[in-house]
Amino acid sequence: MSRRYRIAVGGFLHETNTFVPGRATQGSFQSGGGYPGMCFGNDVLSSLDGVNCGLAGFIEAARTDHELIPLSWAVAVPSGPVTDEAFEYITGKIVDTLKFDCEIDAVYLDLHGAMVTESRDDGDGEILRRVRAAIGEDIPIVASLDLHANVSPLMFQCADGLLSYQTYPHIDMAETGRRCFAFLKEALARGRRPYKLFRQLPFLIPTVAQCTLLEPAKGIYDQLIEFERREGVSSLSFNPGFPAADVKDCRPSVTGYGWDASEVATVTDGLLKLIEANEGAFNFPLLSPDEAVLDAMAHASPGGPVVIADTQDNPGGGSTSDTMGMLRALLRHNVENAAIGLIADPSAAETAHRSGVGATLKIALGGRGGFPGDEPLEGEFLVEALSQGEVKMSGGLYGYGTGQLGKSACLRIGGVQVAVSSVVSQMADQQMFRFVGIEPKERAVVVVKSTIHFRANFDTISTRTIVATAPGGMIADCSRLPWKNLPPDVRTMPMGKKLSERAIWT
């Protein structure tokens, strides 16, 4: 009979874009940004049913045969840095629980891997460092990471296993939690740490080119999975990274674990060489808002909508989800039967609720992020539908959990329906249109504030997908960013110049 282990479990996730204003406060983590809000203790075990996240998957796999000691659940929508107050509060809760309960056998943490705080460039590394200090060197720590993690040497040093998602869109977040449990269970049974290797790459990969449904990422991950099946190899991760964090470890990486040191070295270095050989293929074509709209109009068909990804205003990359560039382009070209969402504008949503369905509002919508080339859109909007903001998700990124978007509305201007919410959340589920009465599969053109995640749910209805670069906080061309802390030998785009070779390097 296998031993019953006591495993401390928790999650603390934030993807930080250091090039945008704003902060992730305690309030940001309390709201959850489409995920369950911040909680501690036993509430952690009951709040994540049906949610697609690493912690939910780990709990599902482990809770029947093992005792789980819940630590935390805290996630906020990507933004500028996490405030020191929020970081110290949540990390303090995790560490205090670990110090109080000294009889645990292992720790599992659901982390992002690209957290930056007001005072620390490596938030995830600091979490792992403090956890290691609290429990000592003998108790294993395993963490799941986002595919976009900027893995640091400190993270690698403090954890016995870092296992990352293998899909983008991230449909395997819960599955990664289950993989973490299997990895940890084997390590506990063997009674020793696995061999491990960590490698970093010298160029940045824009997020729009990281989709695992498309080449070159698809082929690289197919090979990764083949490497992972080798005898003596337990886990292999490729993290393309989050290229909007001005920190020294912002870059892609490869991490390998297993019980045969030679095999771990072979597959880790083999994967590294494969990625290097495909560097040039990570460049991706981008269209202006007008080019994207004209392309969509030319390819519109009765079979389903053309979907335009408003990639630079993706709140999943730290933008505000309220820029007006794509909406202006739709109106400029008189597009009919179109929809766009989510536009995060609590003031507009409140005005719509106060005025009621059928009212015409004269308002200035969105455009409050202060991004160059963007401003609020003044116009007359018809209130077509209202919602209190509860959304039952239908799979893909969010799984089948329930999101809370606050007071929301469908506003019409010209031939465009606009899904407006009070809470910032990435448009990655068709239900995030339907909850305000918009049926996306019946529209000719649908604009989503997302880069890749929408594909897990929208590819089932789209006839064509286009990527557009309207104003926003998630710049698609990494070479345009004003880097200060990135090492000078890192190339800011695939096959591009090193940072030290750019005229704007400071």
# chains A, B, ... in the order shown; residues from 1 in each chain; ligands from 1
>>> residues_around(residues="Val490 in chain A", least_positions_apart="3", cutoff="6 Å", atoms="only C-alpha atoms", output="mmCIF file with N, CA and C atoms, in the first residue's frame")
data_model
loop_
_atom_site.group_PDB
_atom_site.id
_atom_site.type_symbol
_atom_site.label_atom_id
_atom_site.label_comp_id
_atom_site.auth_asym_id
_atom_site.auth_seq_id
_atom_site.Cartn_x
_atom_site.Cartn_y
_atom_site.Cartn_z
ATOM 1 N N PRO A 202 19.348 33.241 -26.364
ATOM 2 C CA PRO A 202 19.769 34.638 -26.453
ATOM 3 C C PRO A 202 18.890 35.519 -27.341
ATOM 4 N N PHE A 203 17.612 35.164 -27.535
ATOM 5 C CA PHE A 203 16.743 36.021 -28.342
ATOM 6 C C PHE A 203 15.319 35.973 -27.795
ATOM 7 N N PRO A 487 19.959 42.071 -20.734
ATOM 8 C CA PRO A 487 21.386 42.006 -21.054
ATOM 9 C C PRO A 487 21.660 42.422 -22.497
ATOM 10 N N LYS A 498 21.182 42.496 -31.531
ATOM 11 C CA LYS A 498 21.357 42.453 -30.088
ATOM 12 C C LYS A 498 20.986 43.810 -29.504
ATOM 13 N N LEU A 499 20.609 43.801 -28.239
ATOM 14 C CA LEU A 499 20.224 45.062 -27.610
ATOM 15 C C LEU A 499 21.359 46.079 -27.689
#
>>> residues_around(residues="Gly191 in chain A", least_positions_apart="4", cutoff="12 Å", atoms="only C-alpha atoms", output="VMD selection string")
chain A and resid 105 to 106 138 to 140 184 to 187 259
>>> write_last_selection(atoms="N, CA, C and O atoms", output="PDB file, in the first residue's frame")
ATOM      1  N   ASP A 105       5.277  16.698   3.834  1.00  0.00           N
ATOM      2  CA  ASP A 105       6.213  15.890   3.062  1.00  0.00           C
ATOM      3  C   ASP A 105       6.671  16.588   1.786  1.00  0.00           C
ATOM      4  O   ASP A 105       7.723  16.241   1.236  1.00  0.00           O
ATOM      5  N   ALA A 106       5.884  17.553   1.286  1.00  0.00           N
ATOM      6  CA  ALA A 106       6.227  18.207   0.029  1.00  0.00           C
ATOM      7  C   ALA A 106       5.398  19.475  -0.127  1.00  0.00           C
ATOM      8  O   ALA A 106       4.396  19.681   0.569  1.00  0.00           O
ATOM      9  N   ASP A 138      15.403  19.580   2.755  1.00  0.00           N
ATOM     10  CA  ASP A 138      15.076  18.174   2.539  1.00  0.00           C
ATOM     11  C   ASP A 138      13.691  17.926   1.948  1.00  0.00           C
ATOM     12  O   ASP A 138      13.424  16.834   1.438  1.00  0.00           O
ATOM     13  N   ILE A 139      12.808  18.900   2.039  1.00  0.00           N
ATOM     14  CA  ILE A 139      11.429  18.723   1.569  1.00  0.00           C
ATOM     15  C   ILE A 139      11.337  19.184   0.115  1.00  0.00           C
ATOM     16  O   ILE A 139      11.732  20.302  -0.213  1.00  0.00           O
ATOM     17  N   PRO A 140      10.831  18.345  -0.785  1.00  0.00           N
ATOM     18  CA  PRO A 140      10.782  18.724  -2.202  1.00  0.00           C
ATOM     19  C   PRO A 140       9.742  19.810  -2.501  1.00  0.00           C
ATOM     20  O   PRO A 140       8.660  19.843  -1.900  1.00  0.00           O
ATOM     21  N   LEU A 184       5.943  14.674  -8.603  1.00  0.00           N
ATOM     22  CA  LEU A 184       6.248  14.757  -7.174  1.00  0.00           C
ATOM     23  C   LEU A 184       6.085  13.403  -6.495  1.00  0.00           C
ATOM     24  O   LEU A 184       6.909  13.004  -5.657  1.00  0.00           O
ATOM     25  N   LYS A 185       5.068  12.679  -6.872  1.00  0.00           N
ATOM     26  CA  LYS A 185       4.832  11.359  -6.282  1.00  0.00           C
ATOM     27  C   LYS A 185       6.005  10.417  -6.567  1.00  0.00           C
ATOM     28  O   LYS A 185       6.454   9.671  -5.691  1.00  0.00           O
ATOM     29  N   GLU A 186       6.531  10.474  -7.799  1.00  0.00           N
ATOM     30  CA  GLU A 186       7.673   9.624  -8.138  1.00  0.00           C
ATOM     31  C   GLU A 186       8.909  10.032  -7.347  1.00  0.00           C
ATOM     32  O   GLU A 186       9.652   9.177  -6.847  1.00  0.00           O
ATOM     33  N   ALA A 187       9.125  11.335  -7.209  1.00  0.00           N
ATOM     34  CA  ALA A 187      10.289  11.805  -6.450  1.00  0.00           C
ATOM     35  C   ALA A 187      10.197  11.376  -4.993  1.00  0.00           C
ATOM     36  O   ALA A 187      11.194  10.952  -4.386  1.00  0.00           O
ATOM     37  N   TRP A 259      15.837  10.861 -14.184  1.00  0.00           N
ATOM     38  CA  TRP A 259      16.596   9.975 -13.295  1.00  0.00           C
ATOM     39  C   TRP A 259      17.841   9.414 -13.960  1.00  0.00           C
ATOM     40  O   TRP A 259      18.621   8.715 -13.333  1.00  0.00           O
TER      41      TRP A 259
END
>>> residues_around(residues="Val95 in chain A", least_positions_apart="5", cutoff="8 Å", atoms="only C-alpha atoms", output="ChimeraX atom specification")
/A:130-131,134
>>> residues_around(residues="Gln426 in chain A", least_positions_apart="6", cutoff="6 Å", atoms="only C-alpha atoms", output="PDB file with N, CA and C atoms, in the first residue's frame")
ATOM      1  N   PRO A 315      -5.425  42.178 -22.683  1.00  0.00           N
ATOM      2  CA  PRO A 315      -5.223  42.306 -21.236  1.00  0.00           C
ATOM      3  C   PRO A 315      -4.449  41.135 -20.656  1.00  0.00           C
ATOM      4  N   GLY A 316      -4.402  40.009 -21.393  1.00  0.00           N
ATOM      5  CA  GLY A 316      -3.580  38.897 -20.977  1.00  0.00           C
ATOM      6  C   GLY A 316      -2.091  39.188 -21.075  1.00  0.00           C
ATOM      7  N   SER A 450      -7.358  39.859 -27.463  1.00  0.00           N
ATOM      8  CA  SER A 450      -6.606  38.659 -27.123  1.00  0.00           C
ATOM      9  C   SER A 450      -5.514  38.495 -28.177  1.00  0.00           C
TER      10      SER A 450
END
>>> closest_residue(among="A:Glu15, A:Asp49, A:Glu215, A:Glu336", to="Thr117 in chain A", atoms="only C-alpha atoms")
A:Glu15
>>> closest_residue(among="A:Asn314, A:Leu55, A:Gly341, A:Pro216", to="Leu274 in chain A", atoms="only C-alpha atoms")
A:Pro216
>>> atom_distance(atom1="CA of Gly161 in chain A", atom2="CA of Ser235 in chain A")
8.4 Å
>>> select_by_dssp(residues="range 352-458 of chain A", states="alpha helix (DSSP H)", output="ChimeraX atom specification")
/A:352-355,431-434,455-458
>>> write_last_selection(atoms="N, CA and C atoms", output="mmCIF file, in the first residue's frame")
data_model
loop_
_atom_site.group_PDB
_atom_site.id
_atom_site.type_symbol
_atom_site.label_atom_id
_atom_site.label_comp_id
_atom_site.auth_asym_id
_atom_site.auth_seq_id
_atom_site.Cartn_x
_atom_site.Cartn_y
_atom_site.Cartn_z
ATOM 1 N N ALA A 352 -24.915 52.731 -18.755
ATOM 2 C CA ALA A 352 -25.873 51.896 -19.473
ATOM 3 C C ALA A 352 -26.898 51.291 -18.531
ATOM 4 N N HIS A 353 -26.460 50.819 -17.371
ATOM 5 C CA HIS A 353 -27.387 50.239 -16.395
ATOM 6 C C HIS A 353 -28.334 51.299 -15.833
ATOM 7 N N ARG A 354 -27.790 52.468 -15.626
ATOM 8 C CA ARG A 354 -28.622 53.550 -15.101
ATOM 9 C C ARG A 354 -29.665 54.000 -16.120
ATOM 10 N N SER A 355 -29.315 53.930 -17.398
ATOM 11 C CA SER A 355 -30.203 54.422 -18.450
ATOM 12 C C SER A 355 -31.201 53.362 -18.913
ATOM 13 N N GLN A 431 -18.713 32.746 -24.593
ATOM 14 C CA GLN A 431 -19.709 33.149 -23.588
ATOM 15 C C GLN A 431 -19.498 34.593 -23.133
ATOM 16 N N MET A 432 -18.300 35.122 -23.323
ATOM 17 C CA MET A 432 -18.017 36.494 -22.910
ATOM 18 C C MET A 432 -18.605 37.501 -23.892
ATOM 19 N N PHE A 433 -19.141 37.037 -25.010
ATOM 20 C CA PHE A 433 -20.035 37.825 -25.858
ATOM 21 C C PHE A 433 -21.497 37.516 -25.525
ATOM 22 N N ARG A 434 -21.798 36.245 -25.368
ATOM 23 C CA ARG A 434 -23.193 35.827 -25.224
ATOM 24 C C ARG A 434 -23.840 36.354 -23.942
ATOM 25 N N ARG A 455 -8.182 31.369 -29.458
ATOM 26 C CA ARG A 455 -8.261 30.334 -30.490
ATOM 27 C C ARG A 455 -8.804 29.014 -29.949
ATOM 28 N N ALA A 456 -8.568 28.740 -28.662
ATOM 29 C CA ALA A 456 -9.047 27.484 -28.079
ATOM 30 C C ALA A 456 -10.565 27.406 -28.093
ATOM 31 N N ASN A 457 -11.243 28.546 -28.133
ATOM 32 C CA ASN A 457 -12.707 28.568 -28.088
ATOM 33 C C ASN A 457 -13.320 29.124 -29.365
ATOM 34 N N PHE A 458 -12.618 30.007 -30.056
ATOM 35 C CA PHE A 458 -13.179 30.654 -31.242
ATOM 36 C C PHE A 458 -12.813 29.956 -32.548
#
>>> atom_distance(atom1="CA of Ala244 in chain A", atom2="CA of His112 in chain A")
14.2 Å
>>> closest_atom_pairs(of="range 402-500 of chain A", to="range 28-47 of chain A", cutoff="7 Å", atoms="only C-alpha atoms", output="CSV")
residue,atom,partner,partner_atom,distance
A:Gly403,CA,A:Gly34,CA,4.5
A:Gln404,CA,A:Gly34,CA,5.8
A:Leu405,CA,A:Gly34,CA,6.8
A:Val423,CA,A:Gly33,CA,6.8
A:Val424,CA,A:Gly33,CA,6.3
A:Ser425,CA,A:Gly33,CA,5.5
>>> write_last_selection(atoms="C-alpha atoms", output="PDB file, in the first residue's frame")
ATOM      1  CA  GLY A 403     -16.281  34.444 -14.212  1.00  0.00           C
ATOM      2  CA  GLN A 404     -17.418  37.703 -12.609  1.00  0.00           C
ATOM      3  CA  LEU A 405     -17.141  40.727 -14.920  1.00  0.00           C
ATOM      4  CA  VAL A 423     -13.739  44.091 -14.968  1.00  0.00           C
ATOM      5  CA  VAL A 424     -10.694  43.675 -17.202  1.00  0.00           C
ATOM      6  CA  SER A 425     -10.563  40.127 -18.568  1.00  0.00           C
TER       7      SER A 425
END
